[in-house]
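Right, one structure below, let's go through it.
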There are 2 protein chains.
Amino acid sequence: MTTIYDVAERAGVSTATVSRVFNGTKVSTAKAEAVRAAAAALGFVPNGNARRLRMGSSQIIAVLIPDIENSFFTALTRGVTDIARAAGYSVMLGNTDENPQLEAELVAAAIGDVAGIIVAPTSDEADYSLPVSRGVPVVAIDRDAPQSQVDVVVADNVAGAEDATERLFDLGFVRVACISGPTHVMTADLRVEGWKKAWLKRLGTLPPDELCIRVPYTMDGGDSATEELSKLSQPPDAIFAANNRLAVGAVRHLVTVGKDLTEFGVVSLGELPLTLYIPRGLVVTHLPARELGTRAAEMLLERIRGYSGPPRREVVATVVTHDQHAFAMTP
Amino acid sequence: MTTIYDVAERAGVSTATVSRVFNGTKVSTAKAEAVRAAAAALGFVPNGNARRLRMGSSQIIAVLIPDIENSFFTALTRGVTDIARAAGYSVMLGNTDENPQLEAELVAAAIGDVAGIIVAPTSDEADYSLPVSRGVPVVAIDRDAPQSQVDVVVADNVAGAEDATERLFDLGFVRVACISGPTHVMTADLRVEGWKKAWLKRLGTLPPDELCIRVPYTMDGGDSATEELSKLSQPPDAIFAANNRLAVGAVRHLVTVGKDLTEFGVVSLGELPLTLYIPRGLVVTHLPARELGTRAAEMLLERIRGYSGPPRREVVATVVTHDQHAFAMTP
DNA sequence: TTGAAAGCGCTAACAT
DNA sequence: ATGTTAGCGCTTTCAA
């Protein structure tokens with residue numbers, strides 16, 4: 001392995017000079033040239049670990065998400081990587097699988113390795129005092145971290161859900177049901193709240209409890225919830241699905257039983273991956289995944305650079321200016 | 001920052017003992033307890049940089065992919081992270097954006113930081129001699145790296161394309177066109193080859209050149225290529241799309257002009273994300289993204305652990321046992 | 001502008 | 001079983 005000693009020797013200078021050349025400090029042109037030539041000839045690449053050990057900082061950001069195969073989280077991660085790279089940071093990725101213990105392990109492991117952590121908390125109980133006390137700032141993303149004094153970046157789930165639900169009312173539907181994620185999952189709870197607000201605003205009354213089904217945030221969840229709703233003595237004429245997987249599950253069920261999506265409404269909070277063609281009648285609203293990532297990265301970088309104000313909580317608007325670019329398939 | 005010195009002092013032992021406790025070497029129960037207690041009290045977390053510098057290895061694998069928002073590559077990355085984590089490695093992620101220069105920068109930056117690199121080459125010219133000469137093994141994934149002596153893991157693109165095309169012949173279509181990625185992109189070239197083989201096998205003749213359109217691997221590419229094909233004096237009655245984005249684009253165009261997918265066939269090589277509902281008539285075949293990732297990770301770990309045989313080239317079968325679980329929407 | 005030298009936190013001989 | 005100690009490769013005072 002080539003080190004700065006090899007380069008220094010070959011260039012006829014000291015290691016300090018080599019270091020300076022690679023760090024932009026002032027060095028006479030002649031020596032700088034010699035160093036660069038020697039480095040190139042030797043195929044020198046700085047040892048990041050030595051550098052980080054010496055400097056006491058790591059230029060790496062950990063991103064801990066439940067599932068890299070979920071398009072919402074990859075969009076978010078993309079936002080982080082863009083900002084990170086622009087600032088000279090690398091991104092280390094971890095899958096928590098929605099498992100609090102695995103998340104805790106990943107956080108602990110990250111502490112010794114990274115300059116900061118961006119994590120989508122897997123549980124309300126998640127505690128980030130360890131990294132914070134060790135000087136590794138944490139930004140919680142997509143979900144709150146009520147147990148910890150950390151910065152938080154979340155989407156405006158209530159407003160997003162409310163807007164989405166209102167779309168259905170706008171289309172003339174009058175009995176809009178709700179399918180959301182598990183109780184106690186923050187985003188799921190807030191989206192139910194938004195759905196209720198829309199009812200109150202548009203119909204002047206809160207929706208009956210039976211119209212809201214809580215299931216895992218999966219396609220199967222959306223499917224079974226839709227089936228359950230259809231069995232109600234007074235079934236809904238439209239469904240607000242709190243995320244894209246639930247929406248796809250709902251559509252799957254409806255299509256299977258031969259329902260026409262222009263007569264039975266479905267709205268998805270959050271875009272579908274690959275902007276796949278969307279059946280006429282399915283409404284898709286925007287969830288600012290990438291923006292969440294960029295804001296979280298920006299806030300984390302501020303902390304890494306020494307900002308030490310009180311914990312901040314930033315709510316990214318769910319702009320409902322227009323639907324996902326989509327094309328409708330004749331039902 | 002708490003170091004092993006602090007822990008050693010508080011526990012009344014030497015730093016070596018503290019180190020041993022944290023590395024599983026034999027230490028008397030009493031001292032081990034004392035060390036653990038002291039570490040807990042002090043909130044000690046090992047400094048990864050010091051550890052890696054000392055050990056000369058990094059327990060980090062870099063994964064360089066064109067786009068983290070492409071479901072094929074996230075599935076692949078998932079495969080890598082699973083194997084990596086099981087072996088105690090972390091994954092560092094980089095987006096190359098299909099940009100050879102950016103890829104080269106990321107590779108260079110990774111050298112000082114990681115134990116090995118898994119990269120989807122952005123170009124035929126990609127040269128990985130620098131990391132390899134620096135002792136950082138590289139595994140090329142999804143695409144060949146003809147300029148470098150590195151391990152390669154690719155899907156059986158020819159067989160996959162051939163099988164997919166044959167599905168269309170099985171369904172009774174007789175003039176199957178091909179939409180593939182840019183010329184000189186290896187996977188795109190090979191998939192065209194598979195399509196040709198299917199023609200030869202089933203019709204005893206090679207397809208006319210005009211039936212094959214090469215476009216970027218995007219939905220818009222699939223859309224415009226389909227339009228172009230429809231203008232032929234002898235248009236096709238079915239399309240083999242070389243990846244999922246092209247397939248979706250093709251479907252979009254067909255739906256837009258009112259074509260019925262049961263009468264005009266489309267097959268996608270590679271599954272659609274989120275197993276979104278699939279219109280009746282669209283055939284989806286499997287591309288082993290995750291398997292690619294796991295194999296690449298396994299091969300890389302072998303290299304990291306010292307295996308030094310000649311470069312290997314592994315072709316992962318594209319098993320076409322069954323379609324993606326899908327449900328059809330009445331057209 | 002440049003060089004000499006200390007030391008970041010840790011592990012692994014080598015001693016004991 | 002445990003302690004002592006020498007670096008890993010780099011950056012950065014401090015002196016010249």
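Convention: chains lettered A, B, ... in structure tokens order; per-chain residue numbering from 1; ligands numbered from 1 as shown.
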What residues in chain C lie within 8 Å of chain A, counting only C-alpha atoms (C1' of nucleotides), written as a short mmCIF file (atom, residue, chain, number, x, y, z; two decimals) with C-alpha atoms (C1' of nucleotides), in the first residue's frame?
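result_25.cif, freshly written:
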```cif
data_model
loop_
_atom_site.label_atom_id
_atom_site.label_comp_id
_atom_site.auth_asym_id
_atom_site.auth_seq_id
_atom_site.Cartn_x
_atom_site.Cartn_y
_atom_site.Cartn_z
"C1'" DT C 1 7.16 27.83 2.27
"C1'" DT C 2 8.77 23.75 4.37
"C1'" DG C 3 10.19 19.98 7.68
"C1'" DC C 8 -5.55 10.50 16.87
"C1'" DG C 9 -7.69 5.34 19.21
#
```
Residue neighbourhood segment 241-257 of chain A, 7 Å, only C-alpha atoms (C1' of nucleotides), exclusion window fewer than 6 positions, as a PyMOL selection string: (chain A and resi 178-180+188+191+217-223+226-227+267-272) or (chain B and resi 276-277+327+329)
Hey, can you spit out that residue selection with C-alpha atoms as an mmCIF file, in the first residue's frame?
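The result, stored in result_29.cif:
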```cif
data_model
loop_
_atom_site.group_PDB
_atom_site.id
_atom_site.type_symbol
_atom_site.label_atom_id
_atom_site.label_comp_id
_atom_site.auth_asym_id
_atom_site.auth_seq_id
_atom_site.Cartn_x
_atom_site.Cartn_y
_atom_site.Cartn_z
ATOM 1 C CA CYS A 178 -60.062 5.069 4.937
ATOM 2 C CA ILE A 179 -57.437 2.368 4.859
ATOM 3 C CA SER A 180 -54.375 3.227 6.878
ATOM 4 C CA ALA A 188 -50.819 6.087 9.842
ATOM 5 C CA ARG A 191 -53.392 10.245 7.913
ATOM 6 C CA TYR A 217 -48.770 -0.913 5.033
ATOM 7 C CA THR A 218 -48.805 -3.626 2.402
ATOM 8 C CA MET A 219 -50.622 -4.534 -0.756
ATOM 9 C CA ASP A 220 -52.239 -7.503 0.945
ATOM 10 C CA GLY A 221 -53.368 -5.180 3.712
ATOM 11 C CA GLY A 222 -55.053 -2.912 1.185
ATOM 12 C CA ASP A 223 -56.650 -5.877 -0.503
ATOM 13 C CA THR A 226 -61.104 -3.322 0.852
ATOM 14 C CA GLU A 227 -62.832 -6.646 1.028
ATOM 15 C CA VAL A 267 -57.006 7.838 -3.996
ATOM 16 C CA SER A 268 -53.412 7.014 -3.159
ATOM 17 C CA LEU A 269 -51.414 9.225 -0.834
ATOM 18 C CA GLY A 270 -47.991 8.836 -2.384
ATOM 19 C CA GLU A 271 -46.963 8.141 -5.942
ATOM 20 C CA LEU A 272 -46.653 4.746 -7.523
ATOM 21 C CA LEU B 276 -48.657 -3.339 -9.539
ATOM 22 C CA TYR B 277 -51.672 -4.757 -11.215
ATOM 23 C CA PHE B 327 -53.706 -9.766 -11.437
ATOM 24 C CA MET B 329 -57.445 -5.819 -15.249
#
```
Mind checking which residues fall within 7 Å of segment 122-128 of chain A, counting only C-alpha atoms (C1' of nucleotides), ignoring those fewer than 2 positions away in the same chain, and posting them as a list of chain:residue names?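 With the cut-off at 7 Å, the set is A:Glu98, A:Asn99, A:Pro100, A:Ala120, A:Leu130, A:Pro131, A:Val132, A:Ala145, A:Pro146, A:Gln147, A:Ser148.
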Would you mind exporting N, CA and C atoms of the selected residues as a PDB file, in the first residue's frame?
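Dumped to out-v3.pdb:
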```pdb
ATOM      1  N   GLU A  98     -38.057  -2.524   9.724  1.00  0.00           N
ATOM      2  CA  GLU A  98     -39.100  -2.163  10.704  1.00  0.00           C
ATOM      3  C   GLU A  98     -38.873  -2.885  12.023  1.00  0.00           C
ATOM      4  N   ASN A  99     -37.659  -3.263  12.277  1.00  0.00           N
ATOM      5  CA  ASN A  99     -37.343  -4.016  13.485  1.00  0.00           C
ATOM      6  C   ASN A  99     -36.558  -3.120  14.461  1.00  0.00           C
ATOM      7  N   PRO A 100     -37.196  -2.727  15.568  1.00  0.00           N
ATOM      8  CA  PRO A 100     -36.563  -1.790  16.502  1.00  0.00           C
ATOM      9  C   PRO A 100     -35.205  -2.268  17.009  1.00  0.00           C
ATOM     10  N   ALA A 120     -35.246   6.626   9.860  1.00  0.00           N
ATOM     11  CA  ALA A 120     -36.705   6.590   9.908  1.00  0.00           C
ATOM     12  C   ALA A 120     -37.057   5.702  11.100  1.00  0.00           C
ATOM     13  N   LEU A 130     -27.859   7.795  22.819  1.00  0.00           N
ATOM     14  CA  LEU A 130     -26.485   7.297  22.755  1.00  0.00           C
ATOM     15  C   LEU A 130     -25.669   8.004  21.670  1.00  0.00           C
ATOM     16  N   PRO A 131     -26.103   7.951  20.415  1.00  0.00           N
ATOM     17  CA  PRO A 131     -25.317   8.658  19.393  1.00  0.00           C
ATOM     18  C   PRO A 131     -25.195  10.146  19.695  1.00  0.00           C
ATOM     19  N   VAL A 132     -26.291  10.756  20.120  1.00  0.00           N
ATOM     20  CA  VAL A 132     -26.247  12.187  20.379  1.00  0.00           C
ATOM     21  C   VAL A 132     -25.230  12.505  21.468  1.00  0.00           C
ATOM     22  N   ALA A 145     -39.647  11.138  16.672  1.00  0.00           N
ATOM     23  CA  ALA A 145     -38.869  10.359  17.629  1.00  0.00           C
ATOM     24  C   ALA A 145     -39.092  11.013  18.982  1.00  0.00           C
ATOM     25  N   PRO A 146     -40.265  10.804  19.537  1.00  0.00           N
ATOM     26  CA  PRO A 146     -40.663  11.543  20.744  1.00  0.00           C
ATOM     27  C   PRO A 146     -39.756  11.316  21.950  1.00  0.00           C
ATOM     28  N   GLN A 147     -39.055  10.201  21.965  1.00  0.00           N
ATOM     29  CA  GLN A 147     -38.204   9.900  23.116  1.00  0.00           C
ATOM     30  C   GLN A 147     -36.860  10.610  23.056  1.00  0.00           C
ATOM     31  N   SER A 148     -36.555  11.206  21.936  1.00  0.00           N
ATOM     32  CA  SER A 148     -35.214  11.774  21.815  1.00  0.00           C
ATOM     33  C   SER A 148     -35.246  13.237  21.412  1.00  0.00           C
TER      34      SER A 148
END
```
Every residue of segment 20-137 of chain B that DSSP places in alpha helix (DSSP H), as a PyMOL selection string: chain B and resi 20-23+29-42+48-55+71-86+100-111+129-133
One-decimal distance in Å that lies between atom CA of Asn70 of chain B and atom CA of Ala108 of chain B: 23.9 Å
Between B:Arg303, B:Lys231, B:Ala86, B:Ser19, which has the minimum distance to chain D (counting only C-alpha atoms (C1' of nucleotides))?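 Looking at the shortest contact to chain D, the residue is B:Ser19.
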Only residues of chain D matter here; which ones have an atom within 7 Å of chain B, counting only C-alpha atoms (C1' of nucleotides)? Give them as an MDAnalysis selection string. chainID D and resid 1:3 8
At a cut-off of 9 Å, using only C-alpha atoms (C1' of nucleotides), what residues contact Ala115 of chain A? Leave out same-chain residues fewer than 6 positions from it and give the result as number ranges by chain. A: 57-62, 135-137, 301, 304
Here is a test: counting only C-alpha atoms, which residue of B:Gln234, B:Thr205, B:Thr187, B:Thr2 is nearest to chain A?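 Using only C-alpha atoms, the shortest distance to chain A belongs to B:Thr2.
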Using only C-alpha atoms, which residue out of B:Val192, B:Val114, B:Val18, B:Leu229 lies closest to chain A?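 Nearest to chain A: B:Val114.
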Gap from atom CA of Gly306 of chain A to atom CA of Val119 of chain A - Å, one decimal: 19.5 Å
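We find atom C1' of DC10 of chain D and atom CA of Gly112 of chain B to be spaced 12.1 Å apart.
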Where does DSSP see strand (DSSP E or B) in segment 143-279 of chain B, if you list the residues as a VMD selection string? chain B and resid 151 to 155 176 to 180 212 to 214 238 to 241 265 to 269 278 to 279
Write out, as a compact mmCIF listing (two decimals), in the first residue's frame, the residues just selected, with C-alpha atoms.
```txt
# COMPACT_ATOMS: atom_id res chain seq x y z
CA ASP B 151 -15.07 -10.96 -11.17
CA VAL B 152 -18.33 -10.50 -12.98
CA VAL B 153 -21.87 -11.51 -12.12
CA VAL B 154 -24.46 -11.12 -14.82
CA ALA B 155 -27.89 -12.45 -15.60
CA VAL B 176 -42.70 -10.22 -32.51
CA ALA B 177 -40.73 -6.97 -32.47
CA CYS B 178 -37.98 -6.01 -30.05
CA ILE B 179 -37.40 -2.84 -28.09
CA SER B 180 -34.06 -2.77 -26.36
CA CYS B 212 -35.77 -3.99 -33.59
CA ILE B 213 -35.64 -0.52 -32.11
CA ARG B 214 -32.89 0.64 -29.80
CA ALA B 238 -46.35 -8.20 -30.37
CA ILE B 239 -43.37 -6.61 -28.64
CA PHE B 240 -40.56 -8.01 -26.57
CA ALA B 241 -39.47 -5.23 -24.21
CA GLY B 265 -48.81 -8.86 -27.06
CA VAL B 266 -46.21 -7.32 -24.80
CA VAL B 267 -43.68 -9.12 -22.68
CA SER B 268 -41.48 -7.46 -20.09
CA LEU B 269 -38.09 -8.90 -19.24
CA ILE B 278 -50.94 -5.83 -14.69
CA PRO B 279 -53.30 -5.55 -17.60
```
B:Arg167, B:Arg36, B:Arg134, B:Lys201 ranked by distance to chain A, top pick (using only C-alpha atoms): B:Arg134
